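Data block below; observations after.
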Amino acid sequence: MNLHLIDLHACTPQPWRNGGGLTRELLAWPQAADWRLRVSVARIAHSGPFSAFPGVWRGFTVLHGEGVMLELPSGRVTLTPADDPVAFDGEAAPHCHLIDGPTEDLNLMARRDAGRAALRRARPGDAVEGATRWRGVFAGGLVRLDIDDHTQTLHAGTLAWSDAAEASTWRVHDGGPAWFLTLED
């Protein structure tokens with residue numbers, strides 16, 4: 001198994017061009033200059049539009065704060081830390097309204113030609129099974145992750161990921177909250 005760990009707190013925050021927040025890029029895979037998949041945590045400080053990313057699928061979930069309301073082409077969606085992630089086309093560039101103050105949010109972006117991406121909440125007992133092109137777990141709190149017969153402890157703010165073409169089972173043992181991120185061919 002080829003497991004990589006990235007600590008959110010070791011990633012330098014970068015300001016948005018529109019001044020609406022900060023982003024900590026955890027991973028641009030396979031390389032920053034030509035990424036196929038990107039994982040980041042953003043702090044949204046002000047209501048405003050998201051940046052447009054044509055040809056990109058986006059997964060989004062609220063980690064901390066009171067939540068947001070997104071104006072998507074399919075209608076308005078309200079998200080709080082208790083809600084499951086949403087997915088939308090990157091070119092949609094929805095307007096984001098903060099419900100009551102800043103939020104911290106997990107973002108998964110994948111170029112459409114890279115494969116089928118998914119972002120979903122991982123509750124104790126939930127698993128990713130079978131081969132994937134890329135897989136990860138983001139720990140919002142202390143999480144124990146079982147990878148076949150090995151247990152890995154992940155501290156809050158850790159992204160564990162692998163791009164090995166493996167068929168191992170990753171199962172959230174306990175703790176959380178946590179989210180699975182996957183890319184399949």
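Quick note on naming: the chains in the structure tokens go A, B, ... in the order shown, residues restart at 1 in each chain, and ligands are numbered from 1 in order of appearance.
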Rows by chain and residue number, region 95-130 of chain A within 6 Å of region 52-68 of chain A, shortest pair, only C-alpha atoms, as JSON lines:
```
{"residue": "A:His97", "atom": "CA", "partner": "A:Val68", "partner_atom": "CA", "distance": 5.5}
{"residue": "A:Leu98", "atom": "CA", "partner": "A:Val68", "partner_atom": "CA", "distance": 4.6}
{"residue": "A:Ile99", "atom": "CA", "partner": "A:Val68", "partner_atom": "CA", "distance": 5.2}
{"residue": "A:Asp100", "atom": "CA", "partner": "A:Glu66", "partner_atom": "CA", "distance": 5.7}
{"residue": "A:Thr103", "atom": "CA", "partner": "A:Gly65", "partner_atom": "CA", "distance": 4.4}
{"residue": "A:Glu104", "atom": "CA", "partner": "A:His64", "partner_atom": "CA", "distance": 5.0}
{"residue": "A:Asp105", "atom": "CA", "partner": "A:Val62", "partner_atom": "CA", "distance": 4.4}
{"residue": "A:Leu106", "atom": "CA", "partner": "A:Thr61", "partner_atom": "CA", "distance": 5.4}
{"residue": "A:Asn107", "atom": "CA", "partner": "A:Phe60", "partner_atom": "CA", "distance": 4.8}
{"residue": "A:Leu108", "atom": "CA", "partner": "A:Gly59", "partner_atom": "CA", "distance": 4.9}
{"residue": "A:Met109", "atom": "CA", "partner": "A:Arg58", "partner_atom": "CA", "distance": 4.6}
{"residue": "A:Ala110", "atom": "CA", "partner": "A:Trp57", "partner_atom": "CA", "distance": 5.3}
{"residue": "A:Arg111", "atom": "CA", "partner": "A:Val56", "partner_atom": "CA", "distance": 4.4}
{"residue": "A:Arg112", "atom": "CA", "partner": "A:Val56", "partner_atom": "CA", "distance": 5.5}
{"residue": "A:Leu119", "atom": "CA", "partner": "A:Gly59", "partner_atom": "CA", "distance": 5.8}
```
Output file for the residues above (C-alpha atoms, as a PDB file, in the first residue's frame):
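Saved to out-v8.pdb:
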```
ATOM      1  CA  HIS A  97     -24.549  33.146   0.696  1.00  0.00           C
ATOM      2  CA  LEU A  98     -23.129  32.657   4.199  1.00  0.00           C
ATOM      3  CA  ILE A  99     -25.878  31.787   6.678  1.00  0.00           C
ATOM      4  CA  ASP A 100     -24.297  33.382   9.763  1.00  0.00           C
ATOM      5  CA  THR A 103     -17.416  28.729   7.059  1.00  0.00           C
ATOM      6  CA  GLU A 104     -14.691  26.190   6.420  1.00  0.00           C
ATOM      7  CA  ASP A 105     -15.428  23.863   3.513  1.00  0.00           C
ATOM      8  CA  LEU A 106     -13.960  20.748   1.884  1.00  0.00           C
ATOM      9  CA  ASN A 107     -13.685  20.844  -1.912  1.00  0.00           C
ATOM     10  CA  LEU A 108     -12.960  18.038  -4.351  1.00  0.00           C
ATOM     11  CA  MET A 109     -12.480  19.026  -7.990  1.00  0.00           C
ATOM     12  CA  ALA A 110     -11.850  16.600 -10.840  1.00  0.00           C
ATOM     13  CA  ARG A 111     -11.473  17.225 -14.525  1.00  0.00           C
ATOM     14  CA  ARG A 112     -14.298  15.404 -16.294  1.00  0.00           C
ATOM     15  CA  LEU A 119     -17.186  12.956  -2.299  1.00  0.00           C
TER      16      LEU A 119
END
```
Considering only C-alpha atoms, tabulate each residue of region 111-132 of chain A that lies at most 12 Å from region 154-166 of chain A along with its nearest interatomic pair and the corresponding distance in Å to one decimal; arrange the rows by chain and ascending residue number and present them as a tab-separated table.
```
residue	atom	partner	partner_atom	distance
A:Val128	CA	A:Glu166	CA	11.1
A:Glu129	CA	A:Glu166	CA	9.5
A:Gly130	CA	A:Glu166	CA	7.2
A:Ala131	CA	A:Glu166	CA	5.1
A:Thr132	CA	A:Ala165	CA	6.1
```
Resulting file, chosen residues, N, CA and C atoms, as a PDB file, in the first residue's frame:
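Result written to again.pdb:
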```pdb
ATOM      1  N   VAL A 128     -14.688   1.966   1.331  1.00  0.00           N
ATOM      2  CA  VAL A 128     -14.398   2.016  -0.098  1.00  0.00           C
ATOM      3  C   VAL A 128     -13.774   0.664  -0.409  1.00  0.00           C
ATOM      4  N   GLU A 129     -14.403  -0.057  -1.332  1.00  0.00           N
ATOM      5  CA  GLU A 129     -13.931  -1.399  -1.664  1.00  0.00           C
ATOM      6  C   GLU A 129     -13.638  -1.477  -3.149  1.00  0.00           C
ATOM      7  N   GLY A 130     -12.710  -2.341  -3.519  1.00  0.00           N
ATOM      8  CA  GLY A 130     -12.377  -2.554  -4.920  1.00  0.00           C
ATOM      9  C   GLY A 130     -11.366  -1.541  -5.424  1.00  0.00           C
ATOM     10  N   ALA A 131     -10.972  -1.727  -6.666  1.00  0.00           N
ATOM     11  CA  ALA A 131      -9.942  -0.876  -7.265  1.00  0.00           C
ATOM     12  C   ALA A 131     -10.491   0.515  -7.585  1.00  0.00           C
ATOM     13  N   THR A 132      -9.678   1.517  -7.333  1.00  0.00           N
ATOM     14  CA  THR A 132      -9.966   2.898  -7.720  1.00  0.00           C
ATOM     15  C   THR A 132      -8.692   3.478  -8.328  1.00  0.00           C
TER      16      THR A 132
END
```
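The space between CA of Thr151 (chain A) and CA of Pro177 (chain A) spans 16.9 Å.
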Choose the residue, out of A:Ser40, A:Ser47, A:Gln31, A:Thr182, that has the smallest atom-to-atom separation from Gly136 (chain A); count only C-alpha atoms. A:Thr182
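The space separating CA of His150 (chain A) from CA of Ala10 (chain A) comes to 25.4 Å.
Once Arg24 (chain A) and its same-chain neighbours fewer than 6 positions away are set aside, Leu8, His9, Cys11, Thr12, Pro13, Gln14, Val39, Ser40, Val41, Ala42 and Arg43 of chain A remain within 9 Å of it when counting only C-alpha atoms.
Atom pair CA of Arg121 (chain A) / CA of Pro85 (chain A) has a distance of 7.2 Å (rounded to one decimal).
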Among the residues of region 14-128 of chain A, find those DSSP assigns to strand (DSSP E or B) from the backbone and print them as a JSON list (two decimals) with N, CA and C atoms, in the first residue's frame.
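The resulting file, part-v1.json, is shown below:
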```
[["chain", "number", "residue", "atom", "x", "y", "z"],
["A", 14, "GLN", "N", -3.86, 30.47, 0.79],
["A", 14, "GLN", "CA", -3.72, 31.38, -0.35],
["A", 14, "GLN", "C", -5.01, 32.20, -0.47],
["A", 15, "PRO", "N", -4.89, 33.54, -0.59],
["A", 15, "PRO", "CA", -6.10, 34.35, -0.72],
["A", 15, "PRO", "C", -6.77, 34.17, -2.08],
["A", 21, "GLY", "N", -12.17, 34.88, 0.51],
["A", 21, "GLY", "CA", -11.76, 33.82, 1.41],
["A", 21, "GLY", "C", -10.33, 33.40, 1.19],
["A", 22, "LEU", "N", -9.99, 32.27, 1.80],
["A", 22, "LEU", "CA", -8.66, 31.68, 1.72],
["A", 22, "LEU", "C", -8.79, 30.20, 1.39],
["A", 23, "THR", "N", -7.83, 29.66, 0.66],
["A", 23, "THR", "CA", -7.83, 28.23, 0.34],
["A", 23, "THR", "C", -6.50, 27.62, 0.76],
["A", 24, "ARG", "N", -6.60, 26.44, 1.37],
["A", 24, "ARG", "CA", -5.43, 25.63, 1.65],
["A", 24, "ARG", "C", -5.52, 24.41, 0.73],
["A", 25, "GLU", "N", -4.62, 24.37, -0.24],
["A", 25, "GLU", "CA", -4.61, 23.25, -1.17],
["A", 25, "GLU", "C", -3.88, 22.08, -0.53],
["A", 26, "LEU", "N", -4.61, 20.99, -0.31],
["A", 26, "LEU", "CA", -4.02, 19.78, 0.25],
["A", 26, "LEU", "C", -3.30, 18.97, -0.83],
["A", 27, "LEU", "N", -3.89, 18.93, -2.01],
["A", 27, "LEU", "CA", -3.33, 18.09, -3.06],
["A", 27, "LEU", "C", -3.79, 18.55, -4.43],
["A", 28, "ALA", "N", -2.86, 18.60, -5.37],
["A", 28, "ALA", "CA", -3.17, 18.74, -6.79],
["A", 28, "ALA", "C", -2.49, 17.54, -7.44],
["A", 29, "TRP", "N", -3.30, 16.59, -7.92],
["A", 29, "TRP", "CA", -2.78, 15.30, -8.38],
["A", 29, "TRP", "C", -2.98, 15.13, -9.87],
["A", 37, "LEU", "N", -7.08, 16.09, -10.43],
["A", 37, "LEU", "CA", -7.89, 16.05, -9.23],
["A", 37, "LEU", "C", -7.26, 17.02, -8.23],
["A", 38, "ARG", "N", -8.11, 17.75, -7.52],
["A", 38, "ARG", "CA", -7.62, 18.74, -6.55],
["A", 38, "ARG", "C", -8.46, 18.68, -5.29],
["A", 39, "VAL", "N", -7.79, 18.65, -4.14],
["A", 39, "VAL", "CA", -8.46, 18.63, -2.84],
["A", 39, "VAL", "C", -8.01, 19.87, -2.08],
["A", 40, "SER", "N", -8.97, 20.59, -1.53],
["A", 40, "SER", "CA", -8.64, 21.80, -0.77],
["A", 40, "SER", "C", -9.66, 22.03, 0.32],
["A", 41, "VAL", "N", -9.25, 22.86, 1.29],
["A", 41, "VAL", "CA", -10.16, 23.33, 2.32],
["A", 41, "VAL", "C", -10.16, 24.85, 2.23],
["A", 42, "ALA", "N", -11.35, 25.42, 2.09],
["A", 42, "ALA", "CA", -11.49, 26.86, 1.93],
["A", 42, "ALA", "C", -12.18, 27.47, 3.14],
["A", 43, "ARG", "N", -11.74, 28.65, 3.48],
["A", 43, "ARG", "CA", -12.44, 29.46, 4.49],
["A", 43, "ARG", "C", -13.15, 30.57, 3.73],
["A", 44, "ILE", "N", -14.48, 30.50, 3.74],
["A", 44, "ILE", "CA", -15.28, 31.52, 3.05],
["A", 44, "ILE", "C", -15.61, 32.60, 4.08],
["A", 48, "GLY", "N", -20.55, 35.61, -1.91],
["A", 48, "GLY", "CA", -20.13, 35.99, -3.26],
["A", 48, "GLY", "C", -20.09, 34.79, -4.17],
["A", 49, "PRO", "N", -19.72, 35.00, -5.43],
["A", 49, "PRO", "CA", -19.70, 33.90, -6.39],
["A", 49, "PRO", "C", -18.47, 33.03, -6.24],
["A", 56, "VAL", "N", -14.85, 20.88, -15.19],
["A", 56, "VAL", "CA", -14.50, 20.32, -13.88],
["A", 56, "VAL", "C", -15.76, 19.95, -13.11],
["A", 57, "TRP", "N", -15.74, 18.77, -12.53],
["A", 57, "TRP", "CA", -16.78, 18.32, -11.58],
["A", 57, "TRP", "C", -16.35, 18.81, -10.21],
["A", 58, "ARG", "N", -17.30, 19.31, -9.39],
["A", 58, "ARG", "CA", -16.97, 19.77, -8.05],
["A", 58, "ARG", "C", -17.82, 19.07, -7.00],
["A", 59, "GLY", "N", -17.17, 18.64, -5.92],
["A", 59, "GLY", "CA", -17.85, 18.16, -4.73],
["A", 59, "GLY", "C", -17.55, 19.15, -3.61],
["A", 60, "PHE", "N", -18.55, 19.44, -2.78],
["A", 60, "PHE", "CA", -18.43, 20.50, -1.77],
["A", 60, "PHE", "C", -19.19, 20.10, -0.53],
["A", 61, "THR", "N", -18.57, 20.32, 0.64],
["A", 61, "THR", "CA", -19.27, 20.09, 1.90],
["A", 61, "THR", "C", -18.78, 21.09, 2.95],
["A", 62, "VAL", "N", -19.65, 21.43, 3.88],
["A", 62, "VAL", "CA", -19.32, 22.37, 4.94],
["A", 62, "VAL", "C", -18.73, 21.60, 6.12],
["A", 63, "LEU", "N", -17.55, 22.02, 6.56],
["A", 63, "LEU", "CA", -16.89, 21.39, 7.70],
["A", 63, "LEU", "C", -17.23, 22.11, 9.00],
["A", 64, "HIS", "N", -17.14, 23.44, 9.00],
["A", 64, "HIS", "CA", -17.35, 24.25, 10.21],
["A", 64, "HIS", "C", -18.11, 25.51, 9.85],
["A", 68, "VAL", "N", -23.94, 27.45, 4.45],
["A", 68, "VAL", "CA", -24.05, 28.29, 3.25],
["A", 68, "VAL", "C", -25.32, 27.95, 2.49],
["A", 69, "MET", "N", -25.73, 28.89, 1.65],
["A", 69, "MET", "CA", -26.79, 28.62, 0.68],
["A", 69, "MET", "C", -26.16, 28.85, -0.69],
["A", 70, "LEU", "N", -26.19, 27.83, -1.53],
["A", 70, "LEU", "CA", -25.64, 27.92, -2.88],
["A", 70, "LEU", "C", -26.77, 28.07, -3.88],
["A", 71, "GLU", "N", -26.60, 28.99, -4.81],
["A", 71, "GLU", "CA", -27.56, 29.17, -5.90],
["A", 71, "GLU", "C", -27.04, 28.40, -7.11],
["A", 72, "LEU", "N", -27.49, 27.16, -7.23],
["A", 72, "LEU", "CA", -27.09, 26.27, -8.32],
["A", 72, "LEU", "C", -28.09, 26.36, -9.46],
["A", 75, "GLY", "N", -31.35, 24.98, -8.58],
["A", 75, "GLY", "CA", -32.08, 25.63, -7.48],
["A", 75, "GLY", "C", -31.17, 25.90, -6.30],
["A", 76, "ARG", "N", -31.75, 26.47, -5.27],
["A", 76, "ARG", "CA", -30.99, 26.80, -4.06],
["A", 76, "ARG", "C", -30.81, 25.57, -3.18],
["A", 77, "VAL", "N", -29.60, 25.45, -2.63],
["A", 77, "VAL", "CA", -29.29, 24.35, -1.73],
["A", 77, "VAL", "C", -28.66, 24.96, -0.48],
["A", 78, "THR", "N", -29.19, 24.58, 0.69],
["A", 78, "THR", "CA", -28.62, 25.02, 1.96],
["A", 78, "THR", "C", -27.82, 23.87, 2.54],
["A", 79, "LEU", "N", -26.58, 24.17, 2.96],
["A", 79, "LEU", "CA", -25.69, 23.16, 3.52],
["A", 79, "LEU", "C", -25.16, 23.62, 4.87],
["A", 86, "VAL", "N", -22.60, 18.14, -1.69],
["A", 86, "VAL", "CA", -23.29, 18.32, -2.96],
["A", 86, "VAL", "C", -22.26, 18.27, -4.07],
["A", 87, "ALA", "N", -22.73, 17.99, -5.27],
["A", 87, "ALA", "CA", -21.87, 17.98, -6.46],
["A", 87, "ALA", "C", -22.51, 18.88, -7.50],
["A", 88, "PHE", "N", -21.66, 19.57, -8.28],
["A", 88, "PHE", "CA", -22.16, 20.45, -9.33],
["A", 88, "PHE", "C", -21.07, 20.66, -10.37],
["A", 89, "ASP", "N", -21.48, 21.18, -11.53],
["A", 89, "ASP", "CA", -20.55, 21.49, -12.60],
["A", 89, "ASP", "C", -19.73, 22.71, -12.23],
["A", 95, "HIS", "N", -23.49, 31.32, -6.79],
["A", 95, "HIS", "CA", -23.35, 32.36, -5.79],
["A", 95, "HIS", "C", -23.49, 31.68, -4.42],
["A", 96, "CYS", "N", -22.66, 32.07, -3.49],
["A", 96, "CYS", "CA", -22.66, 31.48, -2.15],
["A", 96, "CYS", "C", -23.05, 32.55, -1.14],
["A", 97, "HIS", "N", -24.11, 32.27, -0.38],
["A", 97, "HIS", "CA", -24.55, 33.15, 0.70],
["A", 97, "HIS", "C", -24.18, 32.49, 2.02],
["A", 98, "LEU", "N", -23.43, 33.18, 2.87],
["A", 98, "LEU", "CA", -23.13, 32.66, 4.20],
["A", 98, "LEU", "C", -24.37, 32.78, 5.06],
["A", 103, "THR", "N", -17.38, 30.19, 7.02],
["A", 103, "THR", "CA", -17.42, 28.73, 7.06],
["A", 103, "THR", "C", -16.07, 28.19, 6.60],
["A", 104, "GLU", "N", -15.83, 26.93, 6.94],
["A", 104, "GLU", "CA", -14.69, 26.19, 6.42],
["A", 104, "GLU", "C", -15.27, 25.01, 5.66],
["A", 105, "ASP", "N", -14.79, 24.80, 4.43],
["A", 105, "ASP", "CA", -15.43, 23.86, 3.51],
["A", 105, "ASP", "C", -14.41, 22.98, 2.82],
["A", 106, "LEU", "N", -14.79, 21.71, 2.61],
["A", 106, "LEU", "CA", -13.96, 20.75, 1.88],
["A", 106, "LEU", "C", -14.40, 20.73, 0.43],
["A", 107, "ASN", "N", -13.42, 20.82, -0.48],
["A", 107, "ASN", "CA", -13.68, 20.84, -1.91],
["A", 107, "ASN", "C", -12.91, 19.73, -2.60],
["A", 108, "LEU", "N", -13.59, 19.01, -3.47],
["A", 108, "LEU", "CA", -12.96, 18.04, -4.35],
["A", 108, "LEU", "C", -13.30, 18.46, -5.77],
["A", 109, "MET", "N", -12.27, 18.68, -6.58],
["A", 109, "MET", "CA", -12.48, 19.03, -7.99],
["A", 109, "MET", "C", -11.77, 17.99, -8.85],
["A", 110, "ALA", "N", -12.44, 17.57, -9.92],
["A", 110, "ALA", "CA", -11.85, 16.60, -10.84],
["A", 110, "ALA", "C", -12.20, 17.01, -12.26],
["A", 111, "ARG", "N", -11.21, 16.97, -13.11],
["A", 111, "ARG", "CA", -11.47, 17.23, -14.53],
["A", 111, "ARG", "C", -12.35, 16.08, -15.04],
["A", 116, "ARG", "N", -14.55, 9.36, -13.00],
["A", 116, "ARG", "CA", -15.75, 9.66, -12.20],
["A", 116, "ARG", "C", -15.34, 9.89, -10.75],
["A", 117, "ALA", "N", -15.53, 11.11, -10.28],
["A", 117, "ALA", "CA", -15.15, 11.48, -8.91],
["A", 117, "ALA", "C", -16.37, 11.42, -8.00],
["A", 118, "ALA", "N", -16.10, 11.24, -6.70],
["A", 118, "ALA", "CA", -17.16, 11.25, -5.70],
["A", 118, "ALA", "C", -16.61, 11.77, -4.37],
["A", 119, "LEU", "N", -17.46, 12.48, -3.66],
["A", 119, "LEU", "CA", -17.19, 12.96, -2.30],
["A", 119, "LEU", "C", -18.40, 12.56, -1.48],
["A", 120, "ARG", "N", -18.15, 11.79, -0.41],
["A", 120, "ARG", "CA", -19.28, 11.37, 0.44],
["A", 120, "ARG", "C", -18.84, 11.26, 1.89],
["A", 121, "ARG", "N", -19.80, 11.50, 2.76],
["A", 121, "ARG", "CA", -19.54, 11.37, 4.20],
["A", 121, "ARG", "C", -19.20, 9.91, 4.51],
["A", 127, "ALA", "N", -17.24, 2.00, 3.93],
["A", 127, "ALA", "CA", -16.00, 1.54, 3.30],
["A", 127, "ALA", "C", -15.93, 1.95, 1.83],
["A", 128, "VAL", "N", -14.69, 1.97, 1.33],
["A", 128, "VAL", "CA", -14.40, 2.02, -0.10],
["A", 128, "VAL", "C", -13.77, 0.66, -0.41]]
```
Would you list, as a PyMOL selection string, the residues of chain A that end up in helix (DSSP H, G or I) under DSSP run on this structure's backbone? chain A and resi 8-10+32-34+90-92+112-114
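Comparing the minimum interatomic distances between Trp35 (chain A) and each of A:Arg17, A:Gly90, A:Leu142, A:Asp113, counting only C-alpha atoms, we find that A:Asp113 sits nearest.
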So that I can check the surroundings of Gly175 (chain A), please list as a PDB file with C-alpha atoms, in the first residue's frame every protein, DNA and RNA residue that reaches within 10 Å of it, counting only C-alpha atoms and ignoring chain neighbours fewer than 3 positions away.
```
ATOM      1  CA  ALA A 122     -17.808   8.363   5.792  1.00  0.00           C
ATOM      2  CA  ARG A 123     -19.517   7.124   8.934  1.00  0.00           C
ATOM      3  CA  PRO A 124     -18.102   4.360  11.172  1.00  0.00           C
ATOM      4  CA  ALA A 139     -10.591  13.483   8.759  1.00  0.00           C
ATOM      5  CA  GLY A 140     -12.606  16.303  10.291  1.00  0.00           C
ATOM      6  CA  GLY A 141     -11.942  14.833  13.749  1.00  0.00           C
ATOM      7  CA  LEU A 142      -9.867  11.974  15.108  1.00  0.00           C
ATOM      8  CA  VAL A 143     -10.540   8.944  12.866  1.00  0.00           C
ATOM      9  CA  ARG A 144      -9.299   5.361  12.883  1.00  0.00           C
ATOM     10  CA  LEU A 145      -9.131   4.008   9.355  1.00  0.00           C
ATOM     11  CA  THR A 153      -5.039   6.889  13.094  1.00  0.00           C
ATOM     12  CA  LEU A 154      -5.819  10.193  11.367  1.00  0.00           C
ATOM     13  CA  HIS A 155      -5.867  13.449  13.312  1.00  0.00           C
ATOM     14  CA  VAL A 172     -13.751   3.995   8.840  1.00  0.00           C
ATOM     15  CA  ALA A 178     -14.787  11.979   7.903  1.00  0.00           C
TER      16      ALA A 178
END
```
Could you pull the residues within 12 Å of Asp149 (chain A), counting only C-alpha atoms, minus those fewer than 3 positions along the same chain, as a PyMOL selection string? chain A and resi 1+145-146+152+168-171+173
Could you dump the residues just selected with N, CA and C atoms as a PDB file, in the first residue's frame?
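Output below, filename part14.pdb:
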```pdb
ATOM      1  N   MET A   1       0.844  -1.181   0.000  1.00  0.00           N
ATOM      2  CA  MET A   1       0.000   0.000   0.000  1.00  0.00           C
ATOM      3  C   MET A   1       0.885   1.238   0.000  1.00  0.00           C
ATOM      4  N   LEU A 145      -8.846   4.539  10.672  1.00  0.00           N
ATOM      5  CA  LEU A 145      -9.131   4.008   9.355  1.00  0.00           C
ATOM      6  C   LEU A 145      -8.505   2.627   9.236  1.00  0.00           C
ATOM      7  N   ASP A 146      -9.327   1.615   8.940  1.00  0.00           N
ATOM      8  CA  ASP A 146      -8.825   0.265   8.701  1.00  0.00           C
ATOM      9  C   ASP A 146      -8.554   0.107   7.215  1.00  0.00           C
ATOM     10  N   GLN A 152      -4.882   2.818  10.711  1.00  0.00           N
ATOM     11  CA  GLN A 152      -4.163   4.092  10.651  1.00  0.00           C
ATOM     12  C   GLN A 152      -4.983   5.139  11.413  1.00  0.00           C
ATOM     13  N   SER A 168      -7.719  -2.933  -2.170  1.00  0.00           N
ATOM     14  CA  SER A 168      -7.872  -3.068  -0.727  1.00  0.00           C
ATOM     15  C   SER A 168      -9.155  -2.388  -0.260  1.00  0.00           C
ATOM     16  N   THR A 169      -9.587  -2.750   0.936  1.00  0.00           N
ATOM     17  CA  THR A 169     -10.765  -2.134   1.532  1.00  0.00           C
ATOM     18  C   THR A 169     -10.321  -1.103   2.546  1.00  0.00           C
ATOM     19  N   TRP A 170     -10.852   0.107   2.416  1.00  0.00           N
ATOM     20  CA  TRP A 170     -10.648   1.166   3.398  1.00  0.00           C
ATOM     21  C   TRP A 170     -11.966   1.336   4.143  1.00  0.00           C
ATOM     22  N   ARG A 171     -11.927   1.177   5.471  1.00  0.00           N
ATOM     23  CA  ARG A 171     -13.147   1.261   6.270  1.00  0.00           C
ATOM     24  C   ARG A 171     -12.904   2.199   7.451  1.00  0.00           C
ATOM     25  N   HIS A 173     -13.187   2.976  10.949  1.00  0.00           N
ATOM     26  CA  HIS A 173     -13.389   2.139  12.126  1.00  0.00           C
ATOM     27  C   HIS A 173     -14.228   2.879  13.160  1.00  0.00           C
TER      28      HIS A 173
END
```
